[in-house]
Amino acid sequence: MGRIADALKRAEQERLSAAALAAREGGTAVLPPPAVEPSAEAPLPAIPDVPLPLPPAADAPTLVQGLSESLVPYYERASLITEQYRSLRTRLLSQNPHYEHRMLAITSAVPKEGKSVTSLNLGCVLAEIRHLKVLVVDGDFRRGSLARMLNQPEAPGLAELLRGEATYSQVLRATPIPNLTFIPAGNVTHRSAADLLASAATKPIFQRMQNEYHYTIVDTPPATTVTDVGIIGQLCSGVVVIVRLHRTDELAAKRTVRLLQVNNIPIVGCLLVGRDTPGGRYGYGYSYNYYRYYDSYYRRPETP
Ligand SMILES: Nc1ncnc2c1ncn2[C@@H]1O[C@H](COP(=O)(O)OP(=O)(O)OP(=O)(O)O)[C@@H](O)[C@H]1O
Ligand SMILES: [Mg+2]
């Protein structure tokens, strides 16, 4: 028993060292799944990944009023940050060579680790693939933020749909990104969030989403603070866990993995968020990229 634990610990240390190394090269790194996941022995099949060609610089992207600047794959299609989201996309697509419909939850151990930004940006890069229909769902009833990032009203959304106060078609919202639809969280009181997710309406609604979209990405609250992830994760094909460099507490990360394991929810990937610069403070590297991004955003000619 002790030897197995030691081996797992060693494998995990090696995995995290590789991720830290990758993070020094850029802002976000895609980690292989943790040691608890079965490792693929056979080579992965070819990835049928056909992104749309980059639009000509002159007419792209269209500046959309109120659209969050965190939507880097929309504004900066050729940037390093966008490429890193595409790496996560490639990993997910390689796990799904036959394009089965997949519903993936995005979670992390604690608040403010980048779940919502990742959900939207992952949806964005998946939607770059012509034949994929992609849906992003805000499943964080307590701190829903996708509607704000897309400058859309918060309701009606998932909460109203689950309560039967809105129809499915009423909560689906178009986005400026072709192929990408989203559902906001809607309005719900803190106390009833878990009850709402545990209601009989939830399963058929999530099933419908999965039937109608190739990829459904569900943003969730932090796994260690509320039980929602356990409920949403059960309805999904798997979970992507966000780990934020220098912020995610090791014990909290381990608790998250255990929580997902005991609920039999597969972890299909981990994403290391944040950039480590030699001698620099956490976040500095990312801020640098961000400022560069802001700069080019504001230098764009104003739309009429
Ligand atoms: N890859 C990244 N690198 C650095 N900062 C990021 C990254 N992704 C998101 N952020 C920033 O981190 C902050 C939190 O992001 P976000 O809202 O996505 O986190 P969250 O985990 O969804 O938070 P909450 O738990 O409150 O829902 C935001 O200011 C966002 O701009
Ligand atoms: Mg969030």
# chains A, B, ... in the order shown; residues from 1 in each chain; ligands from 1

call {"tool": "select_by_dssp", "arguments": {"residues": "stretch 126-220 of chain A", "states": "alpha helix (DSSP H)", "output": "JSON, numbers by chain"}}
result
{"A": [126, 127, 146, 147, 148, 149, 158, 159, 160, 161, 162, 163, 168, 169, 170, 171, 193, 194, 195, 196, 197, 202, 203, 204, 205, 206, 207, 208, 209, 210, 211, 212]}

call {"tool": "write_last_selection", "arguments": {"atoms": "C-alpha atoms", "output": "compact mmCIF listing (two decimals), in the first residue's frame"}}
result
# COMPACT_ATOMS: atom_id res chain seq x y z
CA LEU A 126 -13.68 24.43 -30.10
CA ALA A 127 -16.10 26.54 -32.15
CA LEU A 146 -20.38 34.32 -18.43
CA ALA A 147 -23.33 36.61 -19.20
CA ARG A 148 -21.30 39.59 -18.00
CA MET A 149 -18.30 38.52 -20.06
CA LEU A 158 -30.30 27.67 -16.61
CA ALA A 159 -32.01 28.37 -13.27
CA GLU A 160 -35.23 29.51 -14.96
CA LEU A 161 -35.06 26.53 -17.34
CA LEU A 162 -34.69 24.07 -14.44
CA ARG A 163 -37.56 25.73 -12.57
CA TYR A 168 -35.12 25.68 -23.70
CA SER A 169 -35.10 27.95 -26.76
CA GLN A 170 -35.59 31.05 -24.58
CA VAL A 171 -32.37 30.47 -22.66
CA ALA A 193 -28.69 26.13 -6.00
CA ALA A 194 -27.91 22.51 -5.08
CA ASP A 195 -31.62 21.67 -4.75
CA LEU A 196 -32.21 23.03 -8.21
CA LEU A 197 -29.44 20.90 -9.71
CA THR A 202 -31.85 18.52 -14.60
CA LYS A 203 -30.94 15.20 -16.20
CA PRO A 204 -33.22 15.41 -19.27
CA ILE A 205 -32.21 19.02 -19.87
CA PHE A 206 -28.50 18.21 -19.74
CA GLN A 207 -29.15 15.18 -21.94
CA ARG A 208 -30.84 17.38 -24.51
CA MET A 209 -27.88 19.76 -24.54
CA GLN A 210 -25.51 16.86 -25.07
CA ASN A 211 -27.66 15.47 -27.88
CA GLU A 212 -27.82 18.77 -29.71

call {"tool": "select_by_dssp", "arguments": {"residues": "stretch 30-199 of chain A", "states": "strand (DSSP E or B)", "output": "PyMOL selection string"}}
result
chain A and resi 30-31+51+102-108+129+134-138+173-174+180-183

call {"tool": "residues_near_ligand", "arguments": {"ligand": "ligand 1", "cutoff": "6 Å", "atoms": "only C-alpha atoms and all ligand atoms", "output": "ChimeraX atom specification"}}
result
/A:28,70,111-117,143,221-222,273-274,286

call {"tool": "atom_distance", "arguments": {"atom1": "atom CA of A:Tyr75", "atom2": "atom CA of A:Arg102"}}
result
26.1 Å

call {"tool": "residues_around", "arguments": {"residues": "A:Leu71", "least_positions_apart": "5", "cutoff": "9 Å", "atoms": "only C-alpha atoms", "output": "PyMOL selection string"}}
result
chain A and resi 76+117+120-121+124+149-150

call {"tool": "closest_residue", "arguments": {"among": "A:Tyr85, A:Ser108, A:Leu132, A:Asn151", "to": "A:Ser68", "atoms": "only C-alpha atoms"}}
result
A:Asn151

call {"tool": "atom_distance", "arguments": {"atom1": "atom CA of A:Gly157", "atom2": "atom CA of A:Gly139"}}
result
9.7 Å

call {"tool": "residues_around", "arguments": {"residues": "A:Leu180", "least_positions_apart": "4", "cutoff": "9 Å", "atoms": "only C-alpha atoms", "output": "PyMOL selection string"}}
result
chain A and resi 123-124+126-128+132-136+173-176

call {"tool": "atom_distance", "arguments": {"atom1": "atom CA of A:Val226", "atom2": "atom CA of A:Leu271"}}
result
20.8 Å
